[in-house]
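Novice: Shown below is the structure under consideration.
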Amino acid sequence: MKQKILISRNVPAACLTPYEDEFDFTMPQETDASFPLAHIIDVIGDYDGYFAVDLQAPPALFDAAKKLKAIANFGVGYDKIDWKYATKLGIPLLNTPTQVTESTAELATALIMDTMRGVSRYDKEVRQNVWITPLFSDRNTQLFGSTLGIVGFGRIGKAVCKKAQGLGMTVVYYDKYRASADVEKAYNVEYMDFDALLGACDCVSLHAPYFPENHHIFNAETFKKMKPSAYFVNAARGKLVDEPALYEALKNGVIKGAGLDVYENEPTVYEGLLTLDNVVLTPHIASLTMRSRMGMCDEALQGLTAILNGKVPHNVVNPEVLK
């Protein structure tokens, strides 16, 4: 008998094709439709694997999952899943660490370029027949020769580093775990402590994971440590940023501008941010290319099916449960 995998949200049938001979899949049939969490909890007891696509996985789900051998998350960040409880129960959690790197780094780089050069703002003005072209102005900042500070030097942070350097920016970084000297040399990047980086950079791009201990690491005091001419970009996690504090910093000239792809209470954006013309807002779409999303599905399902077949894949978040 085939092992059964439940998928919380409709994904393209092509994602499942490589695995259908060996596994039975259940998912909503309408394009982009999702099963309600209550339904998932009602039926999860019949399934060996669960692929959580943009849905929470609280303790109640795991308590109902009597046969569950593994859970896969659609994405790198897994803050919607109670992974500590899953670990306590001995259930492996999979994520998609390699397939979002380039697409997310591209979007972060686009936000850096947009915020520093005012692309979206000029677009809105031209559409309103406003033509602002002074001969000399510090309204925008040239990227070439500017310094970018990267907070979180993992896969995505490293990819942003390369892209920024290609634009002529000097890159420095901060990470809780400093990279080796060989990595710093390979990326031609300098390590700085957090506060020093904030004060030195023309733009700060955030690429750290979210954990309760770094909740609101960017806050009113943090923004005050940045230069008034500096920009801030977040394509990581919304809960890393105190949005009211960011709004006040942007409104009062504490920093010059910002670009955001993630928010603390998605899909709700802090209302004040919607009123400002020095912030660029996108709806959490950093990985939204077909190539990236199909790759995410495949990486998640490769890991999930490997666990169900008694193997150890590369993308287990809590490998201690397999020992």
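Letters for chains follow the order of the structure tokens (A, B, ...), residue numbers begin at 1 for each chain, and ligand numbers begin at 1 in the order shown.
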Please tabulate, as a tab-separated table, the residues of region 98-206 of chain A that come within 10 Å of region 263-287 of chain A, each with its closest pair of atoms and the distance in Å to one decimal, counting only C-alpha atoms and ordering rows by chain, then residue number upward.
Specialist:
```
residue	atom	partner	partner_atom	distance
A:Gln99	CA	A:Ser287	CA	8.5
A:Val100	CA	A:Ser287	CA	5.5
A:Thr101	CA	A:Ser287	CA	8.1
A:Glu102	CA	A:Ser287	CA	8.3
A:Ser103	CA	A:Ser287	CA	5.1
A:Thr104	CA	A:Ala286	CA	4.5
A:Ala105	CA	A:Ala286	CA	7.8
A:Glu106	CA	A:Ala286	CA	7.7
A:Leu107	CA	A:Ala286	CA	5.3
A:Ala108	CA	A:Ala286	CA	7.4
A:Ala110	CA	A:Ala286	CA	10.0
A:Leu111	CA	A:Val280	CA	7.2
A:Ile112	CA	A:Val280	CA	9.7
A:Asp114	CA	A:Val280	CA	7.5
A:Thr115	CA	A:Val280	CA	6.5
A:Met116	CA	A:Asn278	CA	9.6
A:Gly118	CA	A:Asn278	CA	7.9
A:Val119	CA	A:Val280	CA	9.2
A:Ser120	CA	A:Val280	CA	6.9
A:Arg121	CA	A:Asp277	CA	6.4
A:Tyr122	CA	A:Asp277	CA	9.9
A:Lys124	CA	A:Asp277	CA	9.4
```
Novice: Dump C-alpha atoms for the selected residues as a PDB file, in the first residue's frame?
Specialist:
```pdb
ATOM      1  CA  GLN A  99      15.559  26.999  -3.978  1.00  0.00           C
ATOM      2  CA  VAL A 100      14.647  30.506  -2.779  1.00  0.00           C
ATOM      3  CA  THR A 101      18.166  31.906  -2.655  1.00  0.00           C
ATOM      4  CA  GLU A 102      18.554  33.597  -6.017  1.00  0.00           C
ATOM      5  CA  SER A 103      14.985  34.802  -6.420  1.00  0.00           C
ATOM      6  CA  THR A 104      14.940  36.321  -2.917  1.00  0.00           C
ATOM      7  CA  ALA A 105      18.350  37.897  -3.413  1.00  0.00           C
ATOM      8  CA  GLU A 106      17.156  39.384  -6.709  1.00  0.00           C
ATOM      9  CA  LEU A 107      14.097  40.958  -5.089  1.00  0.00           C
ATOM     10  CA  ALA A 108      16.171  42.315  -2.194  1.00  0.00           C
ATOM     11  CA  ALA A 110      15.736  45.308  -6.648  1.00  0.00           C
ATOM     12  CA  LEU A 111      14.413  46.914  -3.443  1.00  0.00           C
ATOM     13  CA  ILE A 112      17.860  48.317  -2.690  1.00  0.00           C
ATOM     14  CA  ASP A 114      14.448  51.078  -6.090  1.00  0.00           C
ATOM     15  CA  THR A 115      14.653  52.718  -2.673  1.00  0.00           C
ATOM     16  CA  MET A 116      18.037  54.324  -3.203  1.00  0.00           C
ATOM     17  CA  GLY A 118      13.529  56.396  -6.093  1.00  0.00           C
ATOM     18  CA  VAL A 119      12.222  54.375  -9.041  1.00  0.00           C
ATOM     19  CA  SER A 120       8.741  53.663  -7.678  1.00  0.00           C
ATOM     20  CA  ARG A 121       8.314  57.205  -6.432  1.00  0.00           C
ATOM     21  CA  TYR A 122       9.207  58.682  -9.816  1.00  0.00           C
ATOM     22  CA  LYS A 124       3.945  57.405  -9.418  1.00  0.00           C
TER      23      LYS A 124
END
```
Novice: DSSP on the backbone: which residues in region 92-134 of chain A end up as alpha helix (DSSP H)? Give the answer as an mmCIF file with C-alpha atoms, in the first residue's frame.
Specialist:
```cif
data_model
loop_
_atom_site.group_PDB
_atom_site.id
_atom_site.type_symbol
_atom_site.label_atom_id
_atom_site.label_comp_id
_atom_site.auth_asym_id
_atom_site.auth_seq_id
_atom_site.Cartn_x
_atom_site.Cartn_y
_atom_site.Cartn_z
ATOM 1 C CA THR A 101 18.166 31.906 -2.655
ATOM 2 C CA GLU A 102 18.554 33.597 -6.017
ATOM 3 C CA SER A 103 14.985 34.802 -6.420
ATOM 4 C CA THR A 104 14.940 36.321 -2.917
ATOM 5 C CA ALA A 105 18.350 37.897 -3.413
ATOM 6 C CA GLU A 106 17.156 39.384 -6.709
ATOM 7 C CA LEU A 107 14.097 40.958 -5.089
ATOM 8 C CA ALA A 108 16.171 42.315 -2.194
ATOM 9 C CA THR A 109 18.622 43.822 -4.678
ATOM 10 C CA ALA A 110 15.736 45.308 -6.648
ATOM 11 C CA LEU A 111 14.413 46.914 -3.443
ATOM 12 C CA ILE A 112 17.860 48.317 -2.690
ATOM 13 C CA MET A 113 18.041 49.831 -6.173
ATOM 14 C CA ASP A 114 14.448 51.078 -6.090
ATOM 15 C CA THR A 115 14.653 52.718 -2.673
ATOM 16 C CA MET A 116 18.037 54.324 -3.203
ATOM 17 C CA ARG A 117 17.229 55.636 -6.698
ATOM 18 C CA VAL A 119 12.222 54.375 -9.041
ATOM 19 C CA SER A 120 8.741 53.663 -7.678
ATOM 20 C CA ARG A 121 8.314 57.205 -6.432
ATOM 21 C CA TYR A 122 9.207 58.682 -9.816
ATOM 22 C CA ASP A 123 6.880 56.213 -11.541
ATOM 23 C CA LYS A 124 3.945 57.405 -9.418
ATOM 24 C CA GLU A 125 4.802 61.049 -10.059
ATOM 25 C CA VAL A 126 5.067 60.670 -13.831
ATOM 26 C CA ARG A 127 1.672 58.927 -13.898
#
```
Novice: Which of these residues is nearest to Gly77 (chain A), using only C-alpha atoms: A:Val172, A:Ala236, A:Leu55, A:Ile91?
Specialist: A:Ala236
Novice: Skip region 221-231 of chain A itself and residues of its chain fewer than 3 positions away, then list as a ChimeraX atom specification all residues within 9 Å of it, counting only C-alpha atoms.
Specialist: /A:112,115-116,141,195-205,217-218,245-246,249,253-259
Novice: What lies within 9 Å of region 35-50 of chain A using only C-alpha atoms, ignoring chain neighbours under 6 positions off, as an mmCIF file with C-alpha atoms, in the first residue's frame?
Specialist:
```
data_model
loop_
_atom_site.group_PDB
_atom_site.id
_atom_site.type_symbol
_atom_site.label_atom_id
_atom_site.label_comp_id
_atom_site.auth_asym_id
_atom_site.auth_seq_id
_atom_site.Cartn_x
_atom_site.Cartn_y
_atom_site.Cartn_z
ATOM 1 C CA GLN A 3 2.095 5.905 1.859
ATOM 2 C CA LYS A 4 -0.198 8.932 1.966
ATOM 3 C CA ILE A 5 0.822 12.587 1.853
ATOM 4 C CA LEU A 6 -1.533 15.477 2.608
ATOM 5 C CA ILE A 7 -0.878 18.865 0.988
ATOM 6 C CA SER A 8 -2.596 21.873 2.542
ATOM 7 C CA ARG A 9 -2.802 23.982 -0.618
ATOM 8 C CA ASN A 10 -3.157 23.276 -4.316
ATOM 9 C CA MET A 27 -4.732 18.285 -1.923
ATOM 10 C CA PRO A 28 -7.449 20.818 -2.808
ATOM 11 C CA GLN A 56 0.155 27.027 10.364
ATOM 12 C CA ALA A 57 1.003 23.776 12.105
ATOM 13 C CA ALA A 60 -3.169 20.454 17.953
ATOM 14 C CA LEU A 61 -2.253 19.340 14.450
ATOM 15 C CA PHE A 62 0.618 17.183 15.684
ATOM 16 C CA ASP A 63 -1.536 15.735 18.472
ATOM 17 C CA ALA A 64 -4.017 14.568 15.840
ATOM 18 C CA ALA A 65 -1.321 13.198 13.512
ATOM 19 C CA LYS A 66 -1.056 9.670 14.878
ATOM 20 C CA LYS A 67 0.752 8.221 11.828
ATOM 21 C CA LEU A 68 2.787 11.274 10.848
ATOM 22 C CA LYS A 69 6.423 10.508 10.075
ATOM 23 C CA ALA A 70 7.490 13.889 8.678
ATOM 24 C CA ILE A 71 6.272 17.388 7.842
ATOM 25 C CA ALA A 72 7.608 19.566 5.022
ATOM 26 C CA ASN A 73 7.397 23.356 4.934
ATOM 27 C CA LEU A 304 9.582 14.403 2.693
ATOM 28 C CA THR A 305 9.551 11.298 0.529
ATOM 29 C CA LEU A 308 9.190 8.215 4.395
#
```
Novice: Name the residues of region 97-295 of chain A that fall into strand (DSSP E) according to DSSP on the backbone, using the chain letters and numbers of this document, as a list in words.
Specialist: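 The residues of region 97-295 of chain A classed as strand (DSSP E) are Thr147, Leu148, Gly149, Ile150, Val151, Thr170, Val171, Val172, Tyr173, Tyr174, Glu190, Tyr191, Cys203, Val204, Ser205, Leu206, Tyr231, Phe232, Val233, Asn234, Gly257, Ala258, Gly259, Leu260, Val279, Val280 and Leu281 of chain A.
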Novice: A:Gly152, A:Pro92, A:Pro244, A:Pro12: which is nearest Val317 (chain A), counting only C-alpha atoms?
Specialist: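 Of A:Gly152, A:Pro92, A:Pro244, A:Pro12, the one nearest Val317 (chain A) is A:Pro92, counting only C-alpha atoms.
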Novice: From the list A:Gly149, A:Gly166, A:Gly154, A:Pro212, which residue is nearest Tyr191 (chain A) when using only C-alpha atoms?
Specialist: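 Of A:Gly149, A:Gly166, A:Gly154, A:Pro212, the one nearest Tyr191 (chain A), counting only C-alpha atoms, is A:Gly149.
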Novice: Check the smallest atom-to-atom distance from each of A:Met169, A:Ile307, A:Val151, A:Leu206 to Met192 (chain A) using only C-alpha atoms, then report the winner.
Specialist: A:Val151
Novice: Rounded to one decimal in Å, what is the spacing between CA of Met296 (chain A) and CA of Thr98 (chain A)?
Specialist: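 So the answer is 8.1 Å.
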